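Asks: Let me give you the structure first, and then I'll get to my questions.
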Amino acid sequence: MPKAVLSVDFDSARKEMVEDQIKGRGIQDNAVLQALLKVPRHLFVEPGFLSRAYSDFALPIKESQTISQPYIVALMTQSAMLNADDRVLEIGTGSAYQAAVLAEIVKEVYTIEIVESLARTADSKLKKLGYKNVTVRHGDGYRGWQEKSPFDAILITAAAPTIPQLLVDQLKVGGRMVLPLGKTGGSQDLIVLTKQENGKLKEQYITAVVFVPMTGEIRR
Ligand code: SAH
């Protein structure tokens, strides 16, 4: 098939995805909708899954990890209540799709991936696509990114068995942390924690989700 025809197909598939799966399920934040319309998700999936790049599923990537379902990416992004000037930390770069969506909305994105090969691929992909406001680091996200803290928002895109206090410490007052909290194997609670003036967290339940486990130090 000629290349031009293929890219037209991807463009219309992406519009349809936003209409049906994202707007259709109640995501209203315009910046989030625009970002999902823009980021070429087909360039973040494995070649064997190209035809399903805009379908309503999480898909496998290398190293037994996943690229999250588009709706969950949109929901987590909307739940983080982002502003254009924000500095955001993501734990679990994976395919870098969520990082690219964040980069369309906020000023600075820092993302940490524990699997070195994924971090490397993510970094070169984001560079190739021209994202200059994302920095990828290989490492365990458990300890966050002290030098770049405090953050306006932190997204953890792997299932955390407990709330990582070191990450809470790197949130601004008024900052939001979005994470799937709970055991792996079943579903987790997607929650938003907002850091209040007194340092305490306000917790809001969003929905049930299924994520791959957050690994590393949090398990010790
Ligand atoms: N945000 C990703 C979803 C990736 S799946 C996307 O848009 O594609 C979760 C990712 O978290 C996996 O790549 C996994 O390797 C990574 N991960 C798990 N534990 C981690 C940790 N402690 N620190 C950093 N990354 C971690």
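Residues in the structure tokens are named by chain (A, B, ... in the order shown) and by number from 1 within that chain; ligands are numbered from 1 in the order shown.
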Counting only C-alpha atoms and all ligand atoms, which residues of chain A fall within 9 Å of ligand 1, and what is the closest atom pair for each with its distance in Å at one decimal, ordered by chain and rising number, as JSON lines?

Replies:
```
{"residue": "A:Phe44", "atom": "CA", "partner": "ligand 1", "partner_atom_place_in_ligand_line": "8 (O)", "distance": 7.7}
{"residue": "A:Val45", "atom": "CA", "partner": "ligand 1", "partner_atom_place_in_ligand_line": "8 (O)", "distance": 8.5}
{"residue": "A:Ala58", "atom": "CA", "partner": "ligand 1", "partner_atom_place_in_ligand_line": "8 (O)", "distance": 8.8}
{"residue": "A:Leu59", "atom": "CA", "partner": "ligand 1", "partner_atom_place_in_ligand_line": "8 (O)", "distance": 8.9}
{"residue": "A:Ile61", "atom": "CA", "partner": "ligand 1", "partner_atom_place_in_ligand_line": "8 (O)", "distance": 8.0}
{"residue": "A:Lys62", "atom": "CA", "partner": "ligand 1", "partner_atom_place_in_ligand_line": "13 (O)", "distance": 8.5}
{"residue": "A:Glu63", "atom": "CA", "partner": "ligand 1", "partner_atom_place_in_ligand_line": "15 (O)", "distance": 7.5}
{"residue": "A:Ser64", "atom": "CA", "partner": "ligand 1", "partner_atom_place_in_ligand_line": "12 (C)", "distance": 8.3}
{"residue": "A:Gln65", "atom": "CA", "partner": "ligand 1", "partner_atom_place_in_ligand_line": "12 (C)", "distance": 5.2}
{"residue": "A:Thr66", "atom": "CA", "partner": "ligand 1", "partner_atom_place_in_ligand_line": "5 (S)", "distance": 4.7}
{"residue": "A:Ile67", "atom": "CA", "partner": "ligand 1", "partner_atom_place_in_ligand_line": "8 (O)", "distance": 3.5}
{"residue": "A:Ser68", "atom": "CA", "partner": "ligand 1", "partner_atom_place_in_ligand_line": "3 (C)", "distance": 5.3}
{"residue": "A:Gln69", "atom": "CA", "partner": "ligand 1", "partner_atom_place_in_ligand_line": "7 (O)", "distance": 8.6}
{"residue": "A:Pro70", "atom": "CA", "partner": "ligand 1", "partner_atom_place_in_ligand_line": "7 (O)", "distance": 8.9}
{"residue": "A:Val73", "atom": "CA", "partner": "ligand 1", "partner_atom_place_in_ligand_line": "7 (O)", "distance": 7.2}
{"residue": "A:Glu90", "atom": "CA", "partner": "ligand 1", "partner_atom_place_in_ligand_line": "1 (N)", "distance": 7.5}
{"residue": "A:Ile91", "atom": "CA", "partner": "ligand 1", "partner_atom_place_in_ligand_line": "24 (C)", "distance": 5.0}
{"residue": "A:Gly92", "atom": "CA", "partner": "ligand 1", "partner_atom_place_in_ligand_line": "11 (O)", "distance": 3.2}
{"residue": "A:Thr93", "atom": "CA", "partner": "ligand 1", "partner_atom_place_in_ligand_line": "1 (N)", "distance": 4.7}
{"residue": "A:Gly94", "atom": "CA", "partner": "ligand 1", "partner_atom_place_in_ligand_line": "13 (O)", "distance": 3.4}
{"residue": "A:Ser95", "atom": "CA", "partner": "ligand 1", "partner_atom_place_in_ligand_line": "8 (O)", "distance": 3.8}
{"residue": "A:Ala96", "atom": "CA", "partner": "ligand 1", "partner_atom_place_in_ligand_line": "7 (O)", "distance": 4.9}
{"residue": "A:Tyr97", "atom": "CA", "partner": "ligand 1", "partner_atom_place_in_ligand_line": "7 (O)", "distance": 4.1}
{"residue": "A:Gln98", "atom": "CA", "partner": "ligand 1", "partner_atom_place_in_ligand_line": "7 (O)", "distance": 3.9}
{"residue": "A:Ala99", "atom": "CA", "partner": "ligand 1", "partner_atom_place_in_ligand_line": "7 (O)", "distance": 6.5}
{"residue": "A:Ala100", "atom": "CA", "partner": "ligand 1", "partner_atom_place_in_ligand_line": "7 (O)", "distance": 8.2}
{"residue": "A:Val101", "atom": "CA", "partner": "ligand 1", "partner_atom_place_in_ligand_line": "7 (O)", "distance": 8.6}
{"residue": "A:Thr111", "atom": "CA", "partner": "ligand 1", "partner_atom_place_in_ligand_line": "24 (C)", "distance": 8.2}
{"residue": "A:Ile112", "atom": "CA", "partner": "ligand 1", "partner_atom_place_in_ligand_line": "24 (C)", "distance": 5.0}
{"residue": "A:Glu113", "atom": "CA", "partner": "ligand 1", "partner_atom_place_in_ligand_line": "25 (N)", "distance": 3.7}
{"residue": "A:Ile114", "atom": "CA", "partner": "ligand 1", "partner_atom_place_in_ligand_line": "24 (C)", "distance": 4.1}
{"residue": "A:Val115", "atom": "CA", "partner": "ligand 1", "partner_atom_place_in_ligand_line": "15 (O)", "distance": 5.1}
{"residue": "A:Glu116", "atom": "CA", "partner": "ligand 1", "partner_atom_place_in_ligand_line": "15 (O)", "distance": 8.6}
{"residue": "A:Leu118", "atom": "CA", "partner": "ligand 1", "partner_atom_place_in_ligand_line": "13 (O)", "distance": 6.7}
{"residue": "A:Ala119", "atom": "CA", "partner": "ligand 1", "partner_atom_place_in_ligand_line": "13 (O)", "distance": 8.2}
{"residue": "A:Arg137", "atom": "CA", "partner": "ligand 1", "partner_atom_place_in_ligand_line": "24 (C)", "distance": 8.9}
{"residue": "A:His138", "atom": "CA", "partner": "ligand 1", "partner_atom_place_in_ligand_line": "24 (C)", "distance": 7.6}
{"residue": "A:Gly139", "atom": "CA", "partner": "ligand 1", "partner_atom_place_in_ligand_line": "24 (C)", "distance": 6.0}
{"residue": "A:Asp140", "atom": "CA", "partner": "ligand 1", "partner_atom_place_in_ligand_line": "23 (N)", "distance": 3.8}
{"residue": "A:Gly141", "atom": "CA", "partner": "ligand 1", "partner_atom_place_in_ligand_line": "23 (N)", "distance": 3.6}
{"residue": "A:Tyr142", "atom": "CA", "partner": "ligand 1", "partner_atom_place_in_ligand_line": "22 (N)", "distance": 5.3}
{"residue": "A:Arg143", "atom": "CA", "partner": "ligand 1", "partner_atom_place_in_ligand_line": "22 (N)", "distance": 8.6}
{"residue": "A:Gly144", "atom": "CA", "partner": "ligand 1", "partner_atom_place_in_ligand_line": "23 (N)", "distance": 8.6}
{"residue": "A:Leu155", "atom": "CA", "partner": "ligand 1", "partner_atom_place_in_ligand_line": "1 (N)", "distance": 8.6}
{"residue": "A:Ile156", "atom": "CA", "partner": "ligand 1", "partner_atom_place_in_ligand_line": "1 (N)", "distance": 7.9}
{"residue": "A:Thr157", "atom": "CA", "partner": "ligand 1", "partner_atom_place_in_ligand_line": "1 (N)", "distance": 5.1}
{"residue": "A:Ala158", "atom": "CA", "partner": "ligand 1", "partner_atom_place_in_ligand_line": "9 (C)", "distance": 4.6}
{"residue": "A:Ala159", "atom": "CA", "partner": "ligand 1", "partner_atom_place_in_ligand_line": "18 (C)", "distance": 7.9}
{"residue": "A:Ala160", "atom": "CA", "partner": "ligand 1", "partner_atom_place_in_ligand_line": "19 (N)", "distance": 8.4}
{"residue": "A:Phe211", "atom": "CA", "partner": "ligand 1", "partner_atom_place_in_ligand_line": "5 (S)", "distance": 7.0}
{"residue": "A:Val212", "atom": "CA", "partner": "ligand 1", "partner_atom_place_in_ligand_line": "9 (C)", "distance": 5.9}
{"residue": "A:Pro213", "atom": "CA", "partner": "ligand 1", "partner_atom_place_in_ligand_line": "18 (C)", "distance": 5.9}
{"residue": "A:Met214", "atom": "CA", "partner": "ligand 1", "partner_atom_place_in_ligand_line": "19 (N)", "distance": 3.4}
{"residue": "A:Thr215", "atom": "CA", "partner": "ligand 1", "partner_atom_place_in_ligand_line": "19 (N)", "distance": 4.0}
{"residue": "A:Gly216", "atom": "CA", "partner": "ligand 1", "partner_atom_place_in_ligand_line": "22 (N)", "distance": 4.9}
{"residue": "A:Glu217", "atom": "CA", "partner": "ligand 1", "partner_atom_place_in_ligand_line": "22 (N)", "distance": 6.7}
{"residue": "A:Ile218", "atom": "CA", "partner": "ligand 1", "partner_atom_place_in_ligand_line": "22 (N)", "distance": 6.9}
{"residue": "A:Arg219", "atom": "CA", "partner": "ligand 1", "partner_atom_place_in_ligand_line": "22 (N)", "distance": 8.9}
```

Asks: Calculate how many Å separate atom CA of Gly185 of chain A from atom CA of Val210 of chain A, rounding to one decimal.

Replies: 8.3 Å

Asks: Apply DSSP to the structure's backbone, then extract all residues of segment 54-143 of chain A labelled strand (DSSP E or B) and return them as a ChimeraX atom specification.

Replies: /A:59-60,66-67,87-91,108-113,134-138

Asks: Since we have the selection now, will you write its residues out, keeping C-alpha atoms, as a PDB file, in the first residue's frame?

Replies:
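Written out: selection_20.pdb:
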```
ATOM      1  CA  LEU A  59      -0.959  -3.800  23.737  1.00  0.00           C
ATOM      2  CA  PRO A  60       2.228  -5.753  24.437  1.00  0.00           C
ATOM      3  CA  THR A  66       2.562  -2.888  27.825  1.00  0.00           C
ATOM      4  CA  ILE A  67       1.454   0.336  26.196  1.00  0.00           C
ATOM      5  CA  ARG A  87       6.685  20.142  35.300  1.00  0.00           C
ATOM      6  CA  VAL A  88       5.634  16.500  35.405  1.00  0.00           C
ATOM      7  CA  LEU A  89       7.343  13.269  36.455  1.00  0.00           C
ATOM      8  CA  GLU A  90       6.293   9.917  35.006  1.00  0.00           C
ATOM      9  CA  ILE A  91       7.382   6.600  36.491  1.00  0.00           C
ATOM     10  CA  GLU A 108       8.608  19.808  31.025  1.00  0.00           C
ATOM     11  CA  VAL A 109       8.311  16.046  31.308  1.00  0.00           C
ATOM     12  CA  TYR A 110      10.759  13.785  33.171  1.00  0.00           C
ATOM     13  CA  THR A 111      10.245  10.067  32.798  1.00  0.00           C
ATOM     14  CA  ILE A 112      12.022   7.108  34.407  1.00  0.00           C
ATOM     15  CA  GLU A 113      12.097   3.539  33.071  1.00  0.00           C
ATOM     16  CA  VAL A 134      10.953  15.241  27.625  1.00  0.00           C
ATOM     17  CA  THR A 135      13.950  13.781  29.445  1.00  0.00           C
ATOM     18  CA  VAL A 136      14.189   9.994  29.770  1.00  0.00           C
ATOM     19  CA  ARG A 137      16.252   8.355  32.485  1.00  0.00           C
ATOM     20  CA  HIS A 138      17.027   4.681  33.021  1.00  0.00           C
TER      21      HIS A 138
END
```

Asks: With 9 Å as the cut-off and only C-alpha atoms counted, what is the closest atom pair between each nearby residue of segment 57-104 of chain A and segment 177-184 of chain A? Distances in Å to one decimal, ordered by chain and number, as CSV.

Replies:
```
residue,atom,partner,partner_atom,distance
A:Met76,CA,A:Val178,CA,6.5
A:Thr77,CA,A:Val178,CA,8.5
A:Ser79,CA,A:Val178,CA,7.0
A:Ala80,CA,A:Val178,CA,6.3
```
